[in-house]
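Student: This is the structure I have questions about; it appears just below.
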Amino acid sequence: MRCYSLQVNGQTYKVETHAMARLLDVLRCDLELTGTKEGCGEGECGACSVLMNGELVNSCLIPVAQANGAAIETVEGLCVDGRLHAVQKAFLECGGAQCGMCTPGMLVASAHLLRKNPTPGSTEIRESLNGNLCRCTGYMRIFEAVERAVGDASKGLG
Amino acid sequence: MGQERIVGKSVLRKEGLAKVCGRAHYVDDLKLPGMLHGATVRSSIARGRVLGIEFGSGIPWEEFVIVTATDIPGANEIALINHDWPCLAAEVVNHPEEPIVLLAHRDRHLLSKAVAAVRMTYEEWPAVFTMEESELCDPVVWGEDNLFKSFVMEKGDVDAVWAQADRIVEGEYTTGAQEHLYIENNGAIAVYSPQNGLTVWGSLQCPFYVHKSLMKVMGLPEEKVRIVQVETGGAFGGKEDYPSMIGAHAALLAMKSGQPVKIVYDRAEDMAATTKRHPSRVRHRTAVSREGKLLGAEIDIALDGGAYSTLSPTVLSRATIHAGGPYYWPNIRVRSKAMATNHPPYGAFRGFGAPQSLFAIERHMDHIAEELGMAPDELRRINFLKRGQDTSTGQKIQEDIDLAQLMERALTQSDYQAKRARFARENEDAGMKKKGIGLAAFLHGSGFTGSGERHLNSLAAMDVTAEGKARVLVSSTEFGQGTNTILCQIAAETLGVDYDTVEMGPPDTSVVPNTGPTVASRTSMVVGKLVHCAAVDLRKALIASGLLGEEYATEEFVAASRTYVERYGPLRAESRYEAPPGVHWDDQKYRGEAYAAYAWAVYVAEVTVDLTTCVVNVDDFVAVQEVGRVLNPVLAMGQVEGGVAQGIGWALYEKVMWNRGRMQNNQMTNYIIPTSQDIPPIRVFFEECPFGHGAYGAKGIGELPMDGPAPAILNAVAHATGQQFDSVPLLPEDIFRQMKERETAREVVCL
């Protein structure tokens with residue numbers, strides 16, 4: 001057991017745990033931030049996607065020792081002062097969330113895409129989300145939501 | 001139609017805000033004080049007798065709660081249709097991954113070590129792994145003849161028809177197992193005390209199925225069992241039957257330990273141990289006239305049901321009734337059977353037998369067209385069921401449906417005719433990349449089959465809260481498909497109040513009445529209608545109380561409701577199912593109104609087949625359907641798009657690899673579902689013929705889109721390659737192998 005420090009959604013947390021504890025479990029169990037989901041536990045589905053120092057990672061593959069001192073962003077951090085992020089608003093309006101299990105990871109991946117590239121085309125949207133599996137939507141409403149978020153952001157609505 | 005304020009509008013998903021904020025709580029997000037984690041020790045062999053269970057060294061076993069079949073206080077059975085599915089294997093195991101021992105401990109990591117430390121010794125018995133082996137009854141692994149169920153459905157005089165036929169066309173079509181792959185695995189939490197009885201929170205579709213099953217396993221009366229559905233992360237039928245199993249396991253551990261117990265499977269366990277879509281083999285023999293008139297059919301359906309019967313009899317029933325597709329058959333005989341093998345039991349999966357038999361008929365129609373030298377669309381046009389004609393069960397089509405027009409719309413949207421001609425021409429010198437376009441026409445019965453809805457005898461209710469809001473009280477659950485939203489839309493429309501003034505009651509068996517299971521594309525049509533009727537009565541009661549006038553604003557409704565509750569206590573209205581007039585069913589002869597209504601569709605797929613890599617890419621997909629009134633366009637499109645994506649997966653990607661009854665590729669790494677880059681533009685179009693006995697004219701929609709993609713895609717592959725493929729899934733290696741075999745066969749002939 002060792003003490004690790006994480007900055008999650010701007011807040012600093014200290015966690016006492018094993019070096020190989022998965023970041024996913026630290027977030028969900030130790031910090032009780034259950035918005036991040038586990039789908040496969042092997043880095044295939046992207047349900048556990050979070051940002052670590054601005055990079056999109058599968059938190060099920062990150063040992064906490066590797067995340068020590070890092071800035072982590074999760075779905076809970078997208079909404080600031082009760083105001084939905086442009087991608088959250090667009091997913092809600094376009095039907096991008098059905099069962100909701102892939103949604104937190106999908107939203108984090110979408111927000112990450114828009115941060116890197118504020119005006120992605122449809123090919124870039126498809127490529128950027130290919131690590132996030134959805135079994136409900138067939139992806140069409142998700143693409144539409146990301147496109148709408150791009151439009152809203154460019155109109156200053158994000 | 002079109003006068004409504006809320007129905008037909010894309011209002012926001014009721015629980016959508018919680019979902020996009022990460023605030024929706026699924027079973028693994030819940031924690032109770034003193035909670036233990038549970039795990040399952042499973043059989044490593046397919047069939048045999050358990051001789052011994054040894055608890056290996058190095059584990060502090062005294063800290064563990066251990067449950068075996070002898071701890072079951074009630075009956076050792078998961079109650080579905082028959083009584084053959086054990087909750088825990090007692091002496092005999094019939095498939096790999098069958099549960100034998102349950103363990104619980106506070107420490108999850110120690111728990112997984114403990115599972116690995118339990119060693120079983122077996123006397124291994126011979127097993128069967130294919131339908132063909134099962135048919136030989138060598139050995140018999142279930143009942144007297146390995147047969148879970150069989151049907152014969154007959155219309156006209158099939159035996160007389162062969163002599164009149166200009167052509168007789170035969171074919172055999174097979175489909176593989178498919179994993180649901182909901183993103184949330186199965187999970188349940190149980191709490192038990194002798195005073196309060198049992199409560200189970202779970203990821204599930206059908207609270208009262210679990211309720212019925214747990215009463216039996218735990219030997220508890222109705223009022224001592226409470227089932228609560230928590231937010232459920234996808235189901236697709238996969239959480240119709242299995243939650244009764246995992247719920248019972250959590251309950252047994254909770255009862256023995258006296259502490260709350262949570263069992264949540266990891267992906268590998270969920271894929272290896274839980275139910276899947278039934279593999280099928282369908283044989284067609286069709287008599288047809290020179291002009292393309294279908295004269296008669298003999299269809300043989302076989303389903304692999306796995307080791308226990310679970311829901312196989314009803315899956316088979318739907319497969320049987322849908323076998324003839326959306327065509328008029330003067331003579332038809334369908335023989336069908338569901339057989340036992342030593343695979344984990346197959347269960348409900350979106351479509352419930354219909355995708356299997358519709359794949360067969362829709363591939364077969366293209367074969368017939370080819371034999372006759374006709375265009376596939378022309379053969380279908382000639383034979384489409386029309387209003388006033390009767391189906392294979394003798395049901396007269398009353399709906400105002402025009403399938404030829406539906407098809408025309410799909411052909412126009414996909415530019416089918418021009419592309420069909422152009423691809424055929426260009427494929428001649430297109431190098432290794434060939435293009436093709438194919439179609440499928442199909443139907444899907446809404447609600448339970450035959451007398452099923454009558455037997456369910458569903459009850460829905462509405463009440464008002466102390467805050468003056470209206471509540472929908474049903475056991476129909478939300479698992480992504482939009483139940484919460486559409487039922488609130490229906491209620492709000494009927495009550496004449498804002499959408500936000502209606503909320504869903506908790507999906508808790510101690511609060512809501514039994515509205516039947518959330519399956520069979522029945523929620524919009526059947527449950528929606530019950531909610532509508534309950535809302536009508538709720539409104540009448542408020543008006544009759546004198547607190548509300550005939551005309552009112554939402555605020556007045558809220559004020560009147562609040563006053564009513566203050567003055568008189570609870571206000572509740574109920575509605576019980578009544579079959580629409582003219583719906584009759586003969587369970588013995590399999591004749592009559594199989595479904596109160598059907599949804600109809602024509603799908604067109606455009607593909608590119610790369611003959612170098614044998615990879616099939618779907619380039620465009622057009623889905624045209626008639627589902628009655630569309631209650632919420634965004635949700636309805638989401639249902640169709642999601643179903644089409646699952647259908648594309650079933651057709652081209654998703655292959656369960658078996659080894660002696662065990663799934664070998666039980667990981668997302670090697671069981672491949674479509675990603676964002678595999679899905680073509682899915683273009684969805686609705687025709688709307690409101691159904692008089694559905695809520696605001698709605699029929700079923702959820703399962704329909706699973707039926708069409710596989711045959712449409714394989715018809716397109718045949719068009720692209722000039723070669724026939726009659727099995728799904730069709731992976732590049734399958735295309736390569738079949739083309740190689742045919743080439744070799746041709747070379748042998750040439751020699």
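Quick note on naming: the chains in the structure tokens go A, B, ... in the order shown, residues restart at 1 in each chain, and ligands are numbered from 1 in order of appearance.
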Which polymer residues have any atom within 8 Å of an atom of Ile437 in chain B, counting only C-alpha atoms, with same-chain residues fewer than 2 positions away left out, as a PyMOL selection string?

Tutor: chain B and resi 416+419-420+435+439+604-607+713+715-717+719-720

Student: Please produce an output containing N, CA and C atoms for each residue in the selection, written as a compact mmCIF listing (two decimals), in the first residue's frame.

Tutor:
```txt
# COMPACT_ATOMS: atom_id res chain seq x y z
N TYR B 416 -31.86 1.79 -56.24
CA TYR B 416 -31.61 0.35 -56.42
C TYR B 416 -31.52 -0.07 -57.89
N LYS B 419 -28.46 1.22 -59.72
CA LYS B 419 -27.23 0.63 -59.18
C LYS B 419 -27.14 -0.85 -59.51
N ARG B 420 -28.26 -1.53 -59.46
CA ARG B 420 -28.26 -2.97 -59.76
C ARG B 420 -27.68 -3.17 -61.17
N LYS B 435 -18.97 -4.51 -56.54
CA LYS B 435 -20.06 -3.87 -55.82
C LYS B 435 -21.37 -4.60 -56.03
N LEU B 439 -31.74 -6.64 -51.41
CA LEU B 439 -32.85 -6.20 -50.57
C LEU B 439 -33.44 -7.35 -49.78
N VAL B 604 -32.59 -2.19 -47.88
CA VAL B 604 -31.67 -2.35 -49.01
C VAL B 604 -30.24 -2.10 -48.53
N ALA B 605 -29.36 -3.04 -48.86
CA ALA B 605 -27.95 -2.89 -48.49
C ALA B 605 -27.10 -2.79 -49.74
N GLU B 606 -26.11 -1.90 -49.68
CA GLU B 606 -25.14 -1.77 -50.77
C GLU B 606 -23.78 -2.15 -50.21
N VAL B 607 -23.08 -3.03 -50.92
CA VAL B 607 -21.80 -3.53 -50.38
C VAL B 607 -20.68 -3.44 -51.41
N ILE B 713 -27.85 -7.97 -46.85
CA ILE B 713 -26.40 -7.90 -47.09
C ILE B 713 -25.93 -9.12 -47.89
N ASN B 715 -27.69 -10.95 -49.88
CA ASN B 715 -28.19 -10.82 -51.25
C ASN B 715 -27.32 -9.85 -52.05
N ALA B 716 -26.84 -8.82 -51.38
CA ALA B 716 -25.95 -7.86 -52.06
C ALA B 716 -24.59 -8.51 -52.36
N VAL B 717 -24.10 -9.33 -51.45
CA VAL B 717 -22.83 -10.03 -51.68
C VAL B 717 -22.96 -10.96 -52.88
N HIS B 719 -24.97 -10.54 -55.39
CA HIS B 719 -25.01 -9.67 -56.56
C HIS B 719 -23.60 -9.21 -56.94
N ALA B 720 -22.80 -8.90 -55.93
CA ALA B 720 -21.44 -8.40 -56.19
C ALA B 720 -20.54 -9.49 -56.76
```

Student: Do me a favour and pick out the residues of chain B within 8 Å of chain A, using only C-alpha atoms, as a ChimeraX atom specification.

Tutor: /B:12-13,16-17,19-25,29,181-185,232-234,266-268,479-482,634-635,638-639,641-646,667-669,674-677,679,681-682

Student: Let me see the file: selected residues, N, CA and C atoms, as a short mmCIF file (atom, residue, chain, number, x, y, z; two decimals), in the first residue's frame.

Tutor:
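Written file, result-v3.cif:
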```cif
data_model
loop_
_atom_site.label_atom_id
_atom_site.label_comp_id
_atom_site.auth_asym_id
_atom_site.auth_seq_id
_atom_site.Cartn_x
_atom_site.Cartn_y
_atom_site.Cartn_z
N LEU B 12 -37.36 14.99 -25.01
CA LEU B 12 -36.10 14.44 -24.49
C LEU B 12 -36.35 13.18 -23.65
N ARG B 13 -35.41 12.28 -23.75
CA ARG B 13 -35.43 11.04 -22.97
C ARG B 13 -35.55 11.38 -21.48
N GLY B 16 -32.50 10.95 -19.59
CA GLY B 16 -31.35 11.33 -20.41
C GLY B 16 -30.34 12.22 -19.69
N LEU B 17 -30.83 13.18 -18.91
CA LEU B 17 -29.93 14.11 -18.24
C LEU B 17 -29.02 13.36 -17.27
N LYS B 19 -28.11 10.34 -17.49
CA LYS B 19 -27.16 9.53 -18.26
C LYS B 19 -26.01 10.35 -18.83
N VAL B 20 -26.29 11.53 -19.36
CA VAL B 20 -25.19 12.32 -19.94
C VAL B 20 -24.33 12.98 -18.86
N CYS B 21 -24.83 13.03 -17.63
CA CYS B 21 -24.02 13.62 -16.55
C CYS B 21 -23.27 12.56 -15.76
N GLY B 22 -23.45 11.29 -16.11
CA GLY B 22 -22.79 10.22 -15.35
C GLY B 22 -23.43 10.01 -14.00
N ARG B 23 -24.67 10.45 -13.86
CA ARG B 23 -25.36 10.32 -12.57
C ARG B 23 -26.36 9.18 -12.52
N ALA B 24 -26.53 8.47 -13.65
CA ALA B 24 -27.45 7.32 -13.66
C ALA B 24 -26.75 6.18 -12.93
N HIS B 25 -27.46 5.54 -11.99
CA HIS B 25 -26.81 4.52 -11.17
C HIS B 25 -27.20 3.11 -11.60
N ASP B 29 -22.80 0.40 -9.48
CA ASP B 29 -22.54 1.71 -8.86
C ASP B 29 -23.11 1.76 -7.44
N LEU B 181 -23.94 -8.76 -26.03
CA LEU B 181 -22.93 -7.74 -25.81
C LEU B 181 -23.48 -6.36 -25.42
N TYR B 182 -24.54 -6.39 -24.58
CA TYR B 182 -24.90 -5.17 -23.85
C TYR B 182 -23.62 -4.69 -23.19
N ILE B 183 -23.45 -3.35 -23.10
CA ILE B 183 -22.18 -2.86 -22.55
C ILE B 183 -22.11 -3.09 -21.04
N GLU B 184 -23.27 -3.15 -20.38
CA GLU B 184 -23.25 -3.48 -18.95
C GLU B 184 -23.47 -4.97 -18.77
N ASN B 185 -22.56 -5.64 -18.11
CA ASN B 185 -22.72 -7.07 -17.84
C ASN B 185 -23.85 -7.33 -16.86
N THR B 232 -30.41 0.04 -16.33
CA THR B 232 -29.93 -1.17 -16.99
C THR B 232 -29.24 -0.81 -18.30
N GLY B 233 -27.98 -1.22 -18.40
CA GLY B 233 -27.14 -0.79 -19.50
C GLY B 233 -27.19 -1.69 -20.71
N GLY B 234 -28.37 -1.76 -21.32
CA GLY B 234 -28.56 -2.59 -22.51
C GLY B 234 -29.00 -3.98 -22.10
N ASP B 266 -17.75 -10.23 -14.77
CA ASP B 266 -16.87 -9.50 -15.69
C ASP B 266 -17.23 -9.94 -17.11
N ARG B 267 -16.63 -9.30 -18.10
CA ARG B 267 -17.04 -9.55 -19.48
C ARG B 267 -16.84 -11.01 -19.88
N ALA B 268 -15.71 -11.58 -19.49
CA ALA B 268 -15.42 -12.94 -19.92
C ALA B 268 -16.46 -13.93 -19.37
N PHE B 479 -34.29 0.09 -20.71
CA PHE B 479 -32.89 -0.35 -20.79
C PHE B 479 -32.24 0.23 -22.04
N GLY B 480 -32.71 1.44 -22.37
CA GLY B 480 -32.12 2.16 -23.49
C GLY B 480 -33.10 2.40 -24.62
N GLN B 481 -34.15 1.57 -24.68
CA GLN B 481 -35.04 1.64 -25.85
C GLN B 481 -36.04 2.77 -25.78
N GLY B 482 -36.26 3.36 -24.59
CA GLY B 482 -37.11 4.55 -24.51
C GLY B 482 -38.45 4.35 -23.83
N VAL B 634 -37.06 10.55 -32.82
CA VAL B 634 -35.63 10.34 -32.51
C VAL B 634 -35.42 8.97 -31.88
N LEU B 635 -36.29 8.59 -30.95
CA LEU B 635 -36.14 7.28 -30.33
C LEU B 635 -36.39 6.17 -31.34
N GLY B 638 -33.50 5.75 -33.52
CA GLY B 638 -32.44 5.11 -32.73
C GLY B 638 -32.64 3.62 -32.62
N GLN B 639 -33.89 3.19 -32.48
CA GLN B 639 -34.17 1.75 -32.44
C GLN B 639 -33.80 1.08 -33.76
N GLU B 641 -31.74 2.19 -36.20
CA GLU B 641 -30.31 2.25 -36.48
C GLU B 641 -29.53 1.24 -35.64
N GLY B 642 -29.90 1.16 -34.36
CA GLY B 642 -29.22 0.21 -33.47
C GLY B 642 -29.47 -1.23 -33.88
N GLY B 643 -30.71 -1.52 -34.29
CA GLY B 643 -31.04 -2.87 -34.74
C GLY B 643 -30.31 -3.22 -36.03
N VAL B 644 -30.22 -2.26 -36.93
CA VAL B 644 -29.51 -2.50 -38.19
C VAL B 644 -28.03 -2.78 -37.89
N ALA B 645 -27.45 -2.01 -36.96
CA ALA B 645 -26.04 -2.23 -36.62
C ALA B 645 -25.84 -3.63 -36.04
N GLN B 646 -26.77 -4.07 -35.19
CA GLN B 646 -26.65 -5.43 -34.65
C GLN B 646 -26.83 -6.47 -35.74
N GLN B 667 -14.26 -12.59 -25.28
CA GLN B 667 -13.67 -11.29 -24.97
C GLN B 667 -14.07 -10.31 -26.08
N MET B 668 -14.08 -9.05 -25.75
CA MET B 668 -14.33 -8.05 -26.79
C MET B 668 -13.15 -7.96 -27.77
N THR B 669 -11.99 -8.49 -27.35
CA THR B 669 -10.82 -8.50 -28.22
C THR B 669 -11.02 -9.41 -29.43
N PRO B 674 -19.56 -4.29 -34.56
CA PRO B 674 -19.25 -3.14 -35.40
C PRO B 674 -18.81 -1.92 -34.59
N THR B 675 -17.80 -1.24 -35.09
CA THR B 675 -17.34 0.01 -34.48
C THR B 675 -17.90 1.18 -35.29
N SER B 676 -17.56 2.37 -34.85
CA SER B 676 -18.03 3.58 -35.55
C SER B 676 -17.54 3.62 -37.00
N GLN B 677 -16.49 2.89 -37.29
CA GLN B 677 -15.96 2.93 -38.66
C GLN B 677 -16.49 1.80 -39.55
N ILE B 679 -19.83 1.02 -39.70
CA ILE B 679 -21.26 1.22 -39.96
C ILE B 679 -21.44 2.21 -41.11
N PRO B 681 -23.75 4.81 -43.58
CA PRO B 681 -24.89 5.69 -43.27
C PRO B 681 -26.15 4.81 -43.24
N ILE B 682 -26.90 4.87 -42.16
CA ILE B 682 -28.16 4.10 -42.08
C ILE B 682 -29.28 5.12 -42.26
#
```

Student: Rounded to one decimal, what separation in Å do you get between CA of Ala297 in chain B and CA of Ile397 in chain B?

Tutor: 19.9 Å

Student: Please, which residues of range 389-590 of chain B, numbered as in this document, come out helix (DSSP H, G or I) from DSSP, as a ChimeraX atom specification?

Tutor: /B:403-414,416-427,452-456,483-495,499-501,523-544,554-568

Student: Which of these residues is nearest to Thr12 in chain A, using only C-alpha atoms: A:Ala70, A:Ala65, A:Val108, A:Leu24?

Tutor: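 Distance minimum relative to Thr12 in chain A lands on A:Ala70.
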
Student: Can you pull out every residue within 7 Å of range 147-149 of chain B, counting only C-alpha atoms, but drop anything in the same chain fewer than 3 positions away, and send it as a PyMOL selection string?

Tutor: chain B and resi 309+313+337-340

Student: Could you dump the residues just selected with N, CA and C atoms as a PDB file, in the first residue's frame?

Tutor:
```pdb
ATOM      1  N   SER B 309     -34.149 -25.968 -21.641  1.00  0.00           N
ATOM      2  CA  SER B 309     -35.155 -25.471 -22.601  1.00  0.00           C
ATOM      3  C   SER B 309     -35.376 -23.958 -22.521  1.00  0.00           C
ATOM      4  N   PRO B 313     -39.070 -22.985 -26.517  1.00  0.00           N
ATOM      5  CA  PRO B 313     -40.362 -23.265 -27.155  1.00  0.00           C
ATOM      6  C   PRO B 313     -41.007 -22.021 -27.777  1.00  0.00           C
ATOM      7  N   LYS B 337     -38.415 -27.592 -34.960  1.00  0.00           N
ATOM      8  CA  LYS B 337     -38.039 -28.239 -33.696  1.00  0.00           C
ATOM      9  C   LYS B 337     -36.886 -27.486 -33.042  1.00  0.00           C
ATOM     10  N   ALA B 338     -36.908 -27.500 -31.732  1.00  0.00           N
ATOM     11  CA  ALA B 338     -35.795 -26.941 -30.948  1.00  0.00           C
ATOM     12  C   ALA B 338     -35.145 -28.098 -30.217  1.00  0.00           C
ATOM     13  N   MET B 339     -33.831 -28.207 -30.373  1.00  0.00           N
ATOM     14  CA  MET B 339     -33.137 -29.392 -29.891  1.00  0.00           C
ATOM     15  C   MET B 339     -32.122 -29.083 -28.812  1.00  0.00           C
ATOM     16  N   ALA B 340     -31.856 -30.107 -28.020  1.00  0.00           N
ATOM     17  CA  ALA B 340     -30.870 -29.969 -26.942  1.00  0.00           C
ATOM     18  C   ALA B 340     -29.469 -30.298 -27.444  1.00  0.00           C
TER      19      ALA B 340
END
```

Student: Fewer than 6 positions away in the same chain doesn't count, so skip those; otherwise give me all residues within 7 Å of range 203-219 of chain B, counting only C-alpha atoms, as a compact mmCIF listing (two decimals) with C-alpha atoms, in the first residue's frame.

Tutor:
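Wrote it out as around30.txt, contents follow:
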```
# COMPACT_ATOMS: atom_id res chain seq x y z
CA VAL B 27 -26.10 -2.05 -10.24
CA ILE B 72 -31.48 -24.05 -1.79
CA PRO B 73 -34.55 -23.71 0.46
CA GLY B 74 -37.11 -24.04 -2.36
CA ALA B 75 -37.00 -25.75 -5.73
CA ASN B 76 -33.71 -25.97 -7.58
CA GLU B 77 -35.08 -24.48 -10.77
CA ILE B 78 -35.16 -21.22 -12.69
CA ALA B 79 -38.85 -20.94 -13.50
CA ASN B 186 -25.27 -8.97 -15.78
CA GLY B 187 -25.37 -8.03 -12.11
CA ALA B 188 -27.55 -8.18 -9.00
CA VAL B 225 -39.93 -11.14 -2.46
CA ARG B 226 -39.28 -7.70 -3.87
CA ILE B 227 -37.49 -7.09 -7.16
CA VAL B 228 -36.23 -3.66 -8.16
CA GLN B 229 -34.83 -2.89 -11.56
CA VAL B 230 -31.98 -0.39 -11.44
CA GLU B 231 -30.67 1.53 -14.44
CA THR B 232 -29.93 -1.17 -16.99
CA LYS B 239 -31.69 -9.78 -19.51
CA GLU B 240 -35.06 -11.48 -19.96
CA PRO B 243 -31.38 -12.16 -14.23
CA SER B 244 -33.49 -14.88 -12.57
CA ALA B 248 -31.16 -16.28 -7.29
CA SER B 475 -43.44 -3.22 -14.74
CA THR B 477 -38.57 -1.30 -17.86
CA THR B 509 -42.55 -5.17 -7.75
CA ASN B 514 -47.55 -6.75 -13.31
CA PRO B 517 -42.34 -8.60 -19.37
CA THR B 518 -40.49 -5.92 -21.36
```

Student: Would you list the contacts of Lys113 in chain B as a PyMOL selection string, taking every protein, DNA or RNA residue within 12 Å and counting only C-alpha atoms, but skipping same-chain residues closer than 6 positions in sequence?

Tutor: chain B and resi 39-41+55-61+64+103-105+107

Student: Store the residues of this selection in a file with C-alpha atoms, as a compact mmCIF listing (two decimals), in the first residue's frame.

Tutor:
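Contents of result22.txt, as written:
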```txt
# COMPACT_ATOMS: atom_id res chain seq x y z
CA ALA B 39 -18.72 -15.23 -7.36
CA THR B 40 -19.58 -18.43 -9.16
CA VAL B 41 -17.62 -21.65 -9.56
CA PHE B 55 -11.53 -26.54 -1.48
CA GLY B 56 -7.80 -26.14 -2.14
CA SER B 57 -5.21 -24.93 0.32
CA GLY B 58 -3.99 -21.37 0.86
CA ILE B 59 -7.44 -19.80 1.13
CA PRO B 60 -8.99 -18.82 4.49
CA TRP B 61 -12.18 -20.76 3.70
CA PHE B 64 -16.13 -17.38 3.03
CA LEU B 103 -18.77 -18.00 -2.86
CA ALA B 104 -19.00 -14.65 -1.08
CA HIS B 105 -16.38 -12.55 0.65
CA ASP B 107 -12.53 -8.84 -0.61
```

Student: Between B:Met504, B:Ile332, B:Ala319, B:Ala579, single out the one closest to Ser458 in chain B, counting only C-alpha atoms.

Tutor: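 Closest candidate: B:Ala579.
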